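J.: Dropping in start.json, which is JSON, C-alpha atoms:
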[["chain", "number", "residue", "atom", "x", "y", "z"],
["A", 234, "MET", "CA", 0.00, 0.00, 0.00],
["A", 235, "GLY", "CA", 1.00, 3.59, -0.49],
["A", 236, "PRO", "CA", 1.77, 6.19, 2.15],
["A", 237, "ALA", "CA", -1.63, 7.80, 1.70],
["A", 238, "VAL", "CA", -3.46, 4.64, 2.59],
["A", 239, "THR", "CA", -1.30, 4.05, 5.66],
["A", 240, "SER", "CA", -1.94, 7.53, 6.97],
["A", 241, "LEU", "CA", -5.65, 7.09, 6.46],
["A", 242, "ALA", "CA", -5.61, 3.88, 8.44],
["A", 243, "LEU", "CA", -3.78, 5.48, 11.34],
["A", 244, "LEU", "CA", -6.27, 8.29, 11.45],
["A", 245, "CYS", "CA", -9.12, 5.86, 11.64],
["A", 246, "LEU", "CA", -7.48, 3.97, 14.51],
["A", 247, "CYS", "CA", -6.81, 7.14, 16.44],
["A", 248, "SER", "CA", -10.42, 8.17, 16.06],
["A", 249, "LEU", "CA", -11.38, 4.83, 17.63],
["A", 250, "GLY", "CA", -8.88, 5.29, 20.54],
["A", 251, "LEU", "CA", -6.56, 2.56, 19.37],
["A", 252, "CYS", "CA", -3.72, 4.61, 18.14],
["A", 253, "VAL", "CA", -0.17, 3.57, 18.96],
["A", 254, "PRO", "CA", 2.11, 5.97, 20.83],
["A", 255, "THR", "CA", 4.91, 7.65, 19.07],
["A", 256, "GLY", "CA", 7.92, 5.50, 18.53],
["A", 257, "THR", "CA", 5.95, 2.28, 18.47],
["A", 258, "ALA", "CA", 4.58, 2.48, 15.03],
["A", 259, "ASP", "CA", 6.82, -0.29, 13.97],
["A", 260, "ALA", "CA", 5.69, -2.69, 16.75],
["A", 261, "THR", "CA", 4.05, -5.88, 15.79],
["A", 262, "PRO", "CA", 0.27, -6.09, 15.86],
["A", 263, "ALA", "CA", 0.35, -8.65, 18.71],
["A", 264, "GLN", "CA", 2.34, -6.30, 20.87],
["A", 265, "ALA", "CA", 0.01, -3.39, 19.99],
["A", 266, "PHE", "CA", -3.10, -5.29, 21.15],
["A", 267, "GLN", "CA", -1.77, -6.76, 24.50],
["A", 268, "PRO", "CA", -3.70, -5.29, 27.47],
["A", 269, "GLU", "CA", -1.75, -3.58, 30.21],
["A", 270, "VAL", "CA", -1.30, -5.73, 33.37],
["A", 271, "LYS", "CA", -0.66, -4.06, 36.68],
["A", 272, "LYS", "CA", 2.13, -5.63, 38.75],
["A", 273, "ALA", "CA", 1.91, -6.14, 42.46],
["A", 274, "ARG", "CA", 3.89, -3.88, 44.69],
["A", 275, "GLY", "CA", 7.12, -5.10, 46.18],
["A", 276, "ASP", "CA", 10.17, -6.93, 44.98],
["A", 277, "VAL", "CA", 8.56, -10.45, 44.77],
["A", 278, "PRO", "CA", 8.84, -11.76, 41.25],
["A", 279, "ASP", "CA", 5.87, -13.15, 39.45],
["A", 280, "ILE", "CA", 7.24, -16.77, 39.43],
["A", 281, "LEU", "CA", 9.27, -18.08, 42.39],
["A", 282, "PRO", "CA", 12.19, -20.26, 41.44],
["A", 283, "GLU", "CA", 11.96, -23.94, 42.51],
["A", 284, "PRO", "CA", 14.36, -24.90, 45.36],
["A", 285, "GLU", "CA", 17.28, -26.81, 44.16],
["A", 286, "PRO", "CA", 17.54, -30.34, 45.73],
["A", 287, "GLU", "CA", 20.31, -30.78, 48.23],
["A", 288, "PRO", "CA", 23.04, -32.83, 46.81],
["A", 289, "THR", "CA", 23.53, -36.30, 48.31],
["A", 290, "SER", "CA", 26.73, -38.15, 48.56],
["A", 291, "PRO", "CA", 27.67, -41.83, 49.25],
["A", 292, "VAL", "CA", 29.43, -40.74, 52.46],
["A", 293, "SER", "CA", 26.23, -39.39, 54.08],
["A", 294, "ASP", "CA", 24.29, -42.60, 53.23],
["A", 295, "PHE", "CA", 27.00, -44.73, 54.80],
["A", 296, "GLU", "CA", 26.99, -42.62, 57.96],
["A", 297, "THR", "CA", 23.21, -43.01, 58.24],
["A", 298, "SER", "CA", 23.42, -46.80, 57.88],
["A", 299, "TYR", "CA", 26.33, -46.96, 60.27],
["A", 300, "ASN", "CA", 24.49, -44.95, 62.92],
["A", 301, "TYR", "CA", 21.40, -47.18, 62.50],
["A", 302, "VAL", "CA", 23.49, -50.32, 62.98],
["A", 303, "LEU", "CA", 25.11, -48.81, 66.05],
["A", 304, "SER", "CA", 21.71, -47.94, 67.53],
["A", 305, "ARG", "CA", 20.46, -51.50, 66.90],
["A", 306, "LEU", "CA", 23.60, -52.96, 68.48],
["A", 307, "ALA", "CA", 23.15, -50.69, 71.48],
["A", 308, "GLY", "CA", 19.55, -51.94, 71.85],
["A", 309, "MET", "CA", 20.70, -55.55, 71.61],
["A", 310, "ASP", "CA", 23.43, -54.94, 74.16],
["A", 311, "GLN", "CA", 20.88, -53.46, 76.55],
["A", 312, "ALA", "CA", 18.57, -56.44, 76.06],
["A", 313, "ILE", "CA", 21.45, -58.89, 76.67],
["A", 314, "HIS", "CA", 22.34, -56.98, 79.82],
["A", 315, "LYS", "CA", 18.76, -57.31, 81.04],
["A", 316, "LEU", "CA", 18.85, -61.04, 80.29],
["A", 317, "ASN", "CA", 22.11, -61.41, 82.22],
["A", 318, "VAL", "CA", 20.64, -59.56, 85.17],
["A", 319, "GLY", "CA", 17.54, -61.77, 85.07],
["A", 320, "HIS", "CA", 19.67, -64.91, 84.80],
["A", 321, "TYR", "CA", 21.79, -63.84, 87.75],
["A", 322, "THR", "CA", 18.68, -63.10, 89.81],
["A", 323, "LEU", "CA", 17.21, -66.47, 88.90],
["A", 324, "ASP", "CA", 20.47, -68.21, 89.76],
["A", 325, "VAL", "CA", 20.53, -66.52, 93.16],
["A", 326, "LYS", "CA", 16.94, -67.57, 93.84],
["A", 327, "VAL", "CA", 17.67, -71.15, 92.77],
["A", 328, "SER", "CA", 20.70, -71.23, 95.06],
["A", 329, "GLN", "CA", 18.59, -69.94, 97.93],
["A", 330, "LEU", "CA", 15.94, -72.54, 97.17],
["A", 331, "MET", "CA", 18.52, -75.34, 97.07],
["A", 332, "ASP", "CA", 19.92, -74.16, 100.37],
["A", 333, "ARG", "CA", 16.46, -74.19, 101.91],
["A", 334, "LEU", "CA", 15.80, -77.65, 100.48],
["A", 335, "SER", "CA", 19.09, -78.87, 101.93],
["A", 336, "ARG", "CA", 18.19, -77.52, 105.36],
["A", 337, "MET", "CA", 14.72, -79.01, 105.05],
["A", 338, "ASP", "CA", 16.20, -82.37, 104.01],
["A", 339, "ALA", "CA", 18.46, -82.28, 107.06],
["A", 340, "LYS", "CA", 15.47, -81.54, 109.28],
["A", 341, "VAL", "CA", 13.48, -84.34, 107.65],
["A", 342, "GLY", "CA", 16.41, -86.68, 108.28],
["A", 343, "GLU", "CA", 16.50, -85.64, 111.93],
["A", 344, "LEU", "CA", 12.74, -86.12, 112.15],
["A", 345, "GLU", "CA", 13.01, -89.59, 110.62],
["A", 346, "ASP", "CA", 15.74, -90.48, 113.11],
["A", 347, "ASN", "CA", 13.53, -89.26, 115.94],
["A", 348, "ILE", "CA", 10.59, -91.25, 114.60],
["A", 349, "ARG", "CA", 12.72, -94.39, 114.36],
["A", 350, "GLU", "CA", 13.99, -93.80, 117.86],
["A", 351, "VAL", "CA", 10.46, -93.32, 119.19],
["A", 352, "TYR", "CA", 9.30, -96.40, 117.29],
["A", 353, "GLN", "CA", 12.14, -98.44, 118.73],
["A", 354, "HIS", "CA", 11.33, -97.20, 122.24],
["A", 355, "SER", "CA", 7.70, -98.10, 121.61],
["A", 356, "LYS", "CA", 8.69, -101.60, 120.50],
["A", 357, "ASP", "CA", 10.92, -102.01, 123.52],
["A", 358, "ASN", "CA", 8.11, -100.82, 125.77],
["A", 359, "ARG", "CA", 5.66, -103.25, 124.17],
["A", 360, "LYS", "CA", 8.12, -106.07, 124.64],
["A", 361, "GLU", "CA", 8.74, -105.20, 128.26],
["A", 362, "THR", "CA", 5.02, -104.82, 128.86],
["A", 363, "GLY", "CA", 4.40, -108.19, 127.21],
["A", 364, "ARG", "CA", 7.12, -109.83, 129.26],
["A", 365, "LEU", "CA", 5.75, -108.43, 132.51],
["A", 366, "GLU", "CA", 2.24, -109.45, 131.52],
["A", 367, "GLY", "CA", 3.42, -112.96, 130.63],
["A", 368, "CYS", "CA", 5.07, -113.47, 133.99],
["A", 369, "GLN", "CA", 2.24, -111.84, 136.00],
["A", 370, "LYS", "CA", -0.71, -113.45, 134.23],
["A", 371, "GLY", "CA", 0.93, -116.66, 133.05],
["A", 372, "ARG", "CA", 2.78, -119.52, 134.75],
["A", 373, "ARG", "CA", 6.35, -119.28, 136.08],
["A", 374, "MET", "CA", 8.48, -122.34, 135.45],
["A", 375, "GLY", "CA", 12.06, -121.98, 136.55],
["A", 376, "TYR", "CA", 13.60, -119.20, 134.51],
["A", 377, "LYS", "CA", 10.65, -119.00, 132.13],
["A", 378, "CYS", "CA", 7.13, -117.66, 132.12],
["A", 379, "TYR", "CA", 4.39, -119.17, 129.87],
["A", 380, "LEU", "CA", 1.22, -117.41, 128.81],
["A", 381, "VAL", "CA", -1.59, -118.83, 126.68],
["A", 382, "TYR", "CA", -3.23, -116.42, 124.21],
["A", 383, "ASN", "CA", -6.81, -117.34, 123.46],
["A", 384, "SER", "CA", -6.79, -115.88, 119.93],
["A", 385, "TYR", "CA", -6.49, -117.61, 116.58],
["A", 386, "GLU", "CA", -3.33, -117.24, 114.50],
["A", 387, "ASP", "CA", -1.53, -119.37, 111.97],
["A", 388, "TYR", "CA", 1.97, -120.56, 112.85],
["A", 389, "ALA", "CA", 3.81, -117.55, 111.38],
["A", 390, "GLY", "CA", 1.33, -115.10, 112.91],
["A", 391, "ALA", "CA", 1.66, -116.68, 116.36],
["A", 392, "ALA", "CA", 5.47, -116.49, 116.15],
["A", 393, "ARG", "CA", 5.27, -112.81, 115.16],
["A", 394, "LYS", "CA", 2.86, -111.96, 117.99],
["A", 395, "CYS", "CA", 5.14, -113.58, 120.57],
["A", 396, "LEU", "CA", 8.14, -111.62, 119.27],
["A", 397, "GLU", "CA", 6.21, -108.34, 119.37],
["A", 398, "ARG", "CA", 5.40, -109.01, 123.02],
["A", 399, "GLY", "CA", 9.03, -109.54, 123.87],
["A", 400, "GLY", "CA", 8.92, -113.33, 123.97],
["A", 401, "ARG", "CA", 8.90, -116.32, 121.65],
["A", 402, "MET", "CA", 6.71, -119.34, 121.04],
["A", 403, "ALA", "CA", 6.79, -121.97, 123.78],
["A", 404, "MET", "CA", 9.69, -124.39, 123.36],
["A", 405, "PRO", "CA", 9.67, -127.20, 125.97],
["A", 406, "ARG", "CA", 13.23, -128.56, 125.90],
["A", 407, "ASP", "CA", 12.92, -131.47, 128.32],
["A", 408, "ARG", "CA", 10.39, -133.65, 130.14],
["A", 409, "LYS", "CA", 10.17, -131.33, 133.13],
["A", 410, "GLU", "CA", 9.28, -128.29, 131.03],
["A", 411, "GLN", "CA", 6.93, -130.37, 128.89],
["A", 412, "GLU", "CA", 4.98, -131.68, 131.88],
["A", 413, "ALA", "CA", 4.75, -128.25, 133.51],
["A", 414, "LEU", "CA", 3.60, -126.63, 130.26],
["A", 415, "ALA", "CA", 1.03, -129.40, 129.59],
["A", 416, "ASP", "CA", -0.41, -128.98, 133.07],
["A", 417, "TYR", "CA", -0.74, -125.22, 132.63],
["A", 418, "VAL", "CA", -2.41, -125.53, 129.20],
["A", 419, "LYS", "CA", -4.81, -128.19, 130.45],
["A", 420, "SER", "CA", -5.89, -126.02, 133.39],
["A", 421, "PHE", "CA", -6.33, -123.00, 131.13],
["A", 422, "PHE", "CA", -8.76, -124.77, 128.72],
["A", 423, "HIS", "CA", -10.39, -127.19, 131.16],
["A", 424, "PRO", "CA", -12.79, -128.89, 130.54],
["A", 425, "GLY", "CA", -12.34, -128.40, 126.79],
["A", 426, "ASN", "CA", -9.68, -129.76, 124.51],
["A", 427, "TRP", "CA", -8.03, -127.18, 122.27],
["A", 428, "PRO", "CA", -4.72, -127.42, 120.40],
["A", 429, "VAL", "CA", -2.12, -124.67, 120.85],
["A", 430, "TRP", "CA", 0.90, -123.87, 118.72],
["A", 431, "LEU", "CA", 4.39, -124.67, 119.99],
["A", 432, "GLY", "CA", 7.58, -123.19, 118.57],
["A", 433, "ILE", "CA", 8.57, -126.41, 116.75],
["A", 434, "ASN", "CA", 8.61, -127.22, 113.02],
["A", 435, "ASP", "CA", 10.41, -129.19, 110.28],
["A", 436, "LEU", "CA", 9.98, -126.57, 107.54],
["A", 437, "ARG", "CA", 13.66, -126.62, 106.55],
["A", 438, "SER", "CA", 14.04, -130.36, 106.23],
["A", 439, "GLU", "CA", 11.39, -133.03, 106.44],
["A", 440, "GLY", "CA", 11.65, -135.02, 109.67],
["A", 441, "MET", "CA", 14.29, -132.74, 111.23],
["A", 442, "TYR", "CA", 12.41, -130.82, 113.91],
["A", 443, "VAL", "CA", 13.89, -127.60, 115.27],
["A", 444, "PHE", "CA", 12.77, -124.91, 117.67],
["A", 445, "ASP", "CA", 12.00, -121.41, 116.42],
["A", 446, "ASP", "CA", 15.47, -120.29, 117.52],
["A", 447, "GLY", "CA", 17.04, -122.86, 115.17],
["A", 448, "THR", "CA", 18.23, -125.40, 117.76],
["A", 449, "ARG", "CA", 17.49, -129.09, 117.31],
["A", 450, "VAL", "CA", 14.67, -130.68, 119.29],
["A", 451, "SER", "CA", 16.00, -133.48, 121.48],
["A", 452, "TYR", "CA", 12.89, -134.32, 123.48],
["A", 453, "PHE", "CA", 9.55, -135.25, 121.84],
["A", 454, "GLN", "CA", 6.07, -135.85, 123.13],
["A", 455, "TRP", "CA", 4.35, -137.23, 120.03],
["A", 456, "ARG", "CA", 0.94, -138.79, 120.40],
["A", 457, "LYS", "CA", 1.20, -142.59, 120.28],
["A", 458, "HIS", "CA", -1.97, -144.49, 119.49],
["A", 459, "PHE", "CA", -2.69, -147.61, 117.49],
["A", 460, "LEU", "CA", -5.22, -145.69, 115.38],
["A", 461, "SER", "CA", -3.22, -142.47, 114.78],
["A", 462, "SER", "CA", 0.41, -142.04, 115.70],
["A", 463, "GLN", "CA", 2.17, -138.72, 115.17],
["A", 464, "PRO", "CA", 3.73, -137.28, 113.13],
["A", 465, "ASP", "CA", 1.74, -138.52, 110.15],
["A", 466, "GLY", "CA", 1.46, -135.49, 107.87],
["A", 467, "GLY", "CA", 4.65, -136.03, 105.89],
["A", 468, "ARG", "CA", 5.63, -133.02, 103.80],
["A", 469, "ARG", "CA", 2.17, -131.47, 104.12],
["A", 470, "GLU", "CA", 2.08, -130.93, 107.90],
["A", 471, "ASN", "CA", 5.24, -129.27, 109.19],
["A", 472, "CYS", "CA", 4.24, -127.34, 112.33],
["A", 473, "VAL", "CA", 3.70, -128.81, 115.82],
["A", 474, "ALA", "CA", 0.81, -128.19, 118.23],
["A", 475, "MET", "CA", 0.01, -129.49, 121.71],
["A", 476, "SER", "CA", -3.35, -130.95, 122.76],
["A", 477, "SER", "CA", -4.67, -129.26, 125.86],
["A", 478, "ASP", "CA", -6.25, -132.40, 127.34],
["A", 479, "ASP", "CA", -3.17, -134.64, 127.47],
["A", 480, "GLY", "CA", -0.23, -132.51, 126.28],
["A", 481, "ASP", "CA", 0.59, -134.76, 123.30],
["A", 482, "TRP", "CA", 2.14, -133.25, 120.16],
["A", 483, "TRP", "CA", 0.50, -133.30, 116.75],
["A", 484, "ASP", "CA", 1.80, -132.15, 113.38],
["A", 485, "HIS", "CA", -0.52, -129.75, 111.49],
["A", 486, "TYR", "CA", -0.71, -127.58, 108.41],
["A", 487, "CYS", "CA", 1.20, -124.39, 109.23],
["A", 488, "ASP", "CA", -1.57, -122.16, 107.83],
["A", 489, "ARG", "CA", -4.16, -123.60, 110.23],
["A", 490, "THR", "CA", -5.31, -121.05, 112.84],
["A", 491, "MET", "CA", -5.41, -121.93, 116.55],
["A", 492, "ASN", "CA", -4.46, -120.62, 119.99],
["A", 493, "TYR", "CA", -0.79, -120.32, 120.91],
["A", 494, "VAL", "CA", 1.56, -120.18, 123.89],
["A", 495, "CYS", "CA", 4.39, -117.67, 124.32],
["A", 496, "GLU", "CA", 7.32, -118.00, 126.70],
["A", 497, "PHE", "CA", 9.23, -115.13, 128.32],
["A", 498, "ASP", "CA", 12.44, -114.83, 130.30],
["A", 499, "ASP", "CA", 11.76, -114.40, 134.01],
["A", 500, "ARG", "CA", 14.26, -111.68, 134.93],
["A", 501, "VAL", "CA", 13.25, -111.78, 138.57],
["A", 502, "ALA", "CA", 14.35, -115.41, 138.75],
["A", 503, "LEU", "CA", 17.54, -114.55, 136.87]]
Output the file's structure in the form of structure tokens.
T.:
Amino acid sequence: MGPAVTSLALLCLCSLGLCVPTGTADATPAQAFQPEVKKARGDVPDILPEPEPEPTSPVSDFETSYNYVLSRLAGMDQAIHKLNVGHYTLDVKVSQLMDRLSRMDAKVGELEDNIREVYQHSKDNRKETGRLEGCQKGRRMGYKCYLVYNSYEDYAGAARKCLERGGRMAMPRDRKEQEALADYVKSFFHPGNWPVWLGINDLRSEGMYVFDDGTRVSYFQWRKHFLSSQPDGGRRENCVAMSSDDGDWWDHYCDRTMNYVCEFDDRVAL
């Protein structure tokens, strides 16, 4: 276009209020039509710069890991210390308990000794009481006392009862003792006829009769009769009893129960 047309166009724009100030006639159309933007007061820029990330290095990562490991080791060391303290406390308590158990065991031992001593005294007292009773209630014959017990026992039970009373089963060793014992037993059961155990048996060897103290029997008072002579039991009947009516001896089964006679030492006569 020519200069005349350009001037006409500028006049038209000025009449519309869109004229360009002096010195800006050569500005681009985009720049001429940009609206004016008011800036905020102060020195703050329109766009803040983003903070730059702090640089990391391999040394700082290693220190962090190292410090973490140290803290974990410190925690483990503290836990181990607590365990050691607990173990020591438990060990002390166990030692105290063992010491108490040892003292208690010693006291129990002393108590057992006392019980055995009391039991032995009780046995001795029972024996002495039985001996005194045998000589007071029974029959004195020389240095012995005989007492009939009107209670049923087998041979072993009768022997045990006599021992508990401080005596032994009656063992007539000669004719004099046999006759005296037979007379006493007969008077005790008169007018009946009851067998009583004597301390004689052949349990160890058939036909070899011994007293309960193990000595051989040298005097016998077996029943002699044409219908039934004693002993006749063989290996079945091994224990000896006396008939109360005539004093004769019979062999019997040892598990049979009957009355028995105990003998005691007469210490007054001794």
J.: Within 10 Å of stretch 416-418 of chain A, counting only C-alpha atoms, which residues qualify if same-chain residues fewer than 3 places away don't, as a PDB file with C-alpha atoms, in the frame of the given file?
T.:
ATOM      1  CA  GLY A 371       0.930-116.660 133.050  1.00  0.00           C
ATOM      2  CA  ARG A 372       2.780-119.520 134.750  1.00  0.00           C
ATOM      3  CA  ARG A 373       6.350-119.280 136.080  1.00  0.00           C
ATOM      4  CA  TYR A 379       4.390-119.170 129.870  1.00  0.00           C
ATOM      5  CA  LEU A 380       1.220-117.410 128.810  1.00  0.00           C
ATOM      6  CA  VAL A 381      -1.590-118.830 126.680  1.00  0.00           C
ATOM      7  CA  GLU A 410       9.280-128.290 131.030  1.00  0.00           C
ATOM      8  CA  GLN A 411       6.930-130.370 128.890  1.00  0.00           C
ATOM      9  CA  GLU A 412       4.980-131.680 131.880  1.00  0.00           C
ATOM     10  CA  ALA A 413       4.750-128.250 133.510  1.00  0.00           C
ATOM     11  CA  PHE A 421      -6.330-123.000 131.130  1.00  0.00           C
ATOM     12  CA  PHE A 422      -8.760-124.770 128.720  1.00  0.00           C
ATOM     13  CA  HIS A 423     -10.390-127.190 131.160  1.00  0.00           C
ATOM     14  CA  ASN A 426      -9.680-129.760 124.510  1.00  0.00           C
ATOM     15  CA  TRP A 427      -8.030-127.180 122.270  1.00  0.00           C
ATOM     16  CA  PRO A 428      -4.720-127.420 120.400  1.00  0.00           C
ATOM     17  CA  VAL A 429      -2.120-124.670 120.850  1.00  0.00           C
ATOM     18  CA  MET A 475       0.010-129.490 121.710  1.00  0.00           C
ATOM     19  CA  SER A 476      -3.350-130.950 122.760  1.00  0.00           C
ATOM     20  CA  SER A 477      -4.670-129.260 125.860  1.00  0.00           C
ATOM     21  CA  ASP A 478      -6.250-132.400 127.340  1.00  0.00           C
ATOM     22  CA  ASP A 479      -3.170-134.640 127.470  1.00  0.00           C
ATOM     23  CA  GLY A 480      -0.230-132.510 126.280  1.00  0.00           C
ATOM     24  CA  TYR A 493      -0.790-120.320 120.910  1.00  0.00           C
ATOM     25  CA  VAL A 494       1.560-120.180 123.890  1.00  0.00           C
TER      26      VAL A 494
END
J.: Please, what distance in Å, to one decimal, runs between atom CA of A:Trp430 and atom CA of A:Cys472?
T.: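 One can read the atom CA of A:Trp430 to atom CA of A:Cys472 distance as 8.0 Å.
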J.: Enter the distance from atom CA of A:Asp446 to atom CA of A:His485, in Å, rounded to one decimal.
T.: 19.5 Å
J.: Show me, as a PDB file with C-alpha atoms, in the coordinates of the input, the residues that have an atom within 12 Å of A:Gly390 when counting all atoms listed in the file, minus same-chain residues fewer than 6 positions from it.
T.:
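Final output, saved to part-v4.pdb:
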ATOM      1  CA  SER A 384      -6.790-115.880 119.930  1.00  0.00           C
ATOM      2  CA  LEU A 396       8.140-111.620 119.270  1.00  0.00           C
ATOM      3  CA  GLU A 397       6.210-108.340 119.370  1.00  0.00           C
ATOM      4  CA  ARG A 401       8.900-116.320 121.650  1.00  0.00           C
ATOM      5  CA  MET A 402       6.710-119.340 121.040  1.00  0.00           C
ATOM      6  CA  TRP A 430       0.900-123.870 118.720  1.00  0.00           C
ATOM      7  CA  GLY A 432       7.580-123.190 118.570  1.00  0.00           C
ATOM      8  CA  CYS A 487       1.200-124.390 109.230  1.00  0.00           C
ATOM      9  CA  ASP A 488      -1.570-122.160 107.830  1.00  0.00           C
ATOM     10  CA  ARG A 489      -4.160-123.600 110.230  1.00  0.00           C
ATOM     11  CA  THR A 490      -5.310-121.050 112.840  1.00  0.00           C
ATOM     12  CA  MET A 491      -5.410-121.930 116.550  1.00  0.00           C
ATOM     13  CA  ASN A 492      -4.460-120.620 119.990  1.00  0.00           C
ATOM     14  CA  TYR A 493      -0.790-120.320 120.910  1.00  0.00           C
TER      15      TYR A 493
END
J.: How many Å separate atom CA of A:Asp407 from atom CA of A:Asp499?
T.: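 Interatomic distance here is 18.0 Å.
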J.: Counting all atoms listed in the file, I want the residues whose atoms come within 10 Å of (13.7, -134.5, 123.8) in the file frame, returned as a PyMOL selection string.
T.: chain A and resi 405-408+411+449-454
J.: Quick one: residues within 12 Å of (14.5, -120.3, 135.8) (file frame), counting only C-alpha atoms, please, as a PDB file with C-alpha atoms, keeping the file's coordinate frame.
T.:
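Output below, filename point.pdb:
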ATOM      1  CA  CYS A 368       5.070-113.470 133.990  1.00  0.00           C
ATOM      2  CA  ARG A 372       2.780-119.520 134.750  1.00  0.00           C
ATOM      3  CA  ARG A 373       6.350-119.280 136.080  1.00  0.00           C
ATOM      4  CA  MET A 374       8.480-122.340 135.450  1.00  0.00           C
ATOM      5  CA  GLY A 375      12.060-121.980 136.550  1.00  0.00           C
ATOM      6  CA  TYR A 376      13.600-119.200 134.510  1.00  0.00           C
ATOM      7  CA  LYS A 377      10.650-119.000 132.130  1.00  0.00           C
ATOM      8  CA  CYS A 378       7.130-117.660 132.120  1.00  0.00           C
ATOM      9  CA  TYR A 379       4.390-119.170 129.870  1.00  0.00           C
ATOM     10  CA  GLU A 410       9.280-128.290 131.030  1.00  0.00           C
ATOM     11  CA  GLU A 496       7.320-118.000 126.700  1.00  0.00           C
ATOM     12  CA  PHE A 497       9.230-115.130 128.320  1.00  0.00           C
ATOM     13  CA  ASP A 498      12.440-114.830 130.300  1.00  0.00           C
ATOM     14  CA  ASP A 499      11.760-114.400 134.010  1.00  0.00           C
ATOM     15  CA  ARG A 500      14.260-111.680 134.930  1.00  0.00           C
ATOM     16  CA  VAL A 501      13.250-111.780 138.570  1.00  0.00           C
ATOM     17  CA  ALA A 502      14.350-115.410 138.750  1.00  0.00           C
ATOM     18  CA  LEU A 503      17.540-114.550 136.870  1.00  0.00           C
TER      19      LEU A 503
END
J.: Taking into account only C-alpha atoms, which residue in the set A:Lys409, A:Arg468, A:His354, A:Lys315 is nearest to A:Leu436?
T.: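 Checking each candidate against A:Leu436, we get A:Arg468 as the closest.
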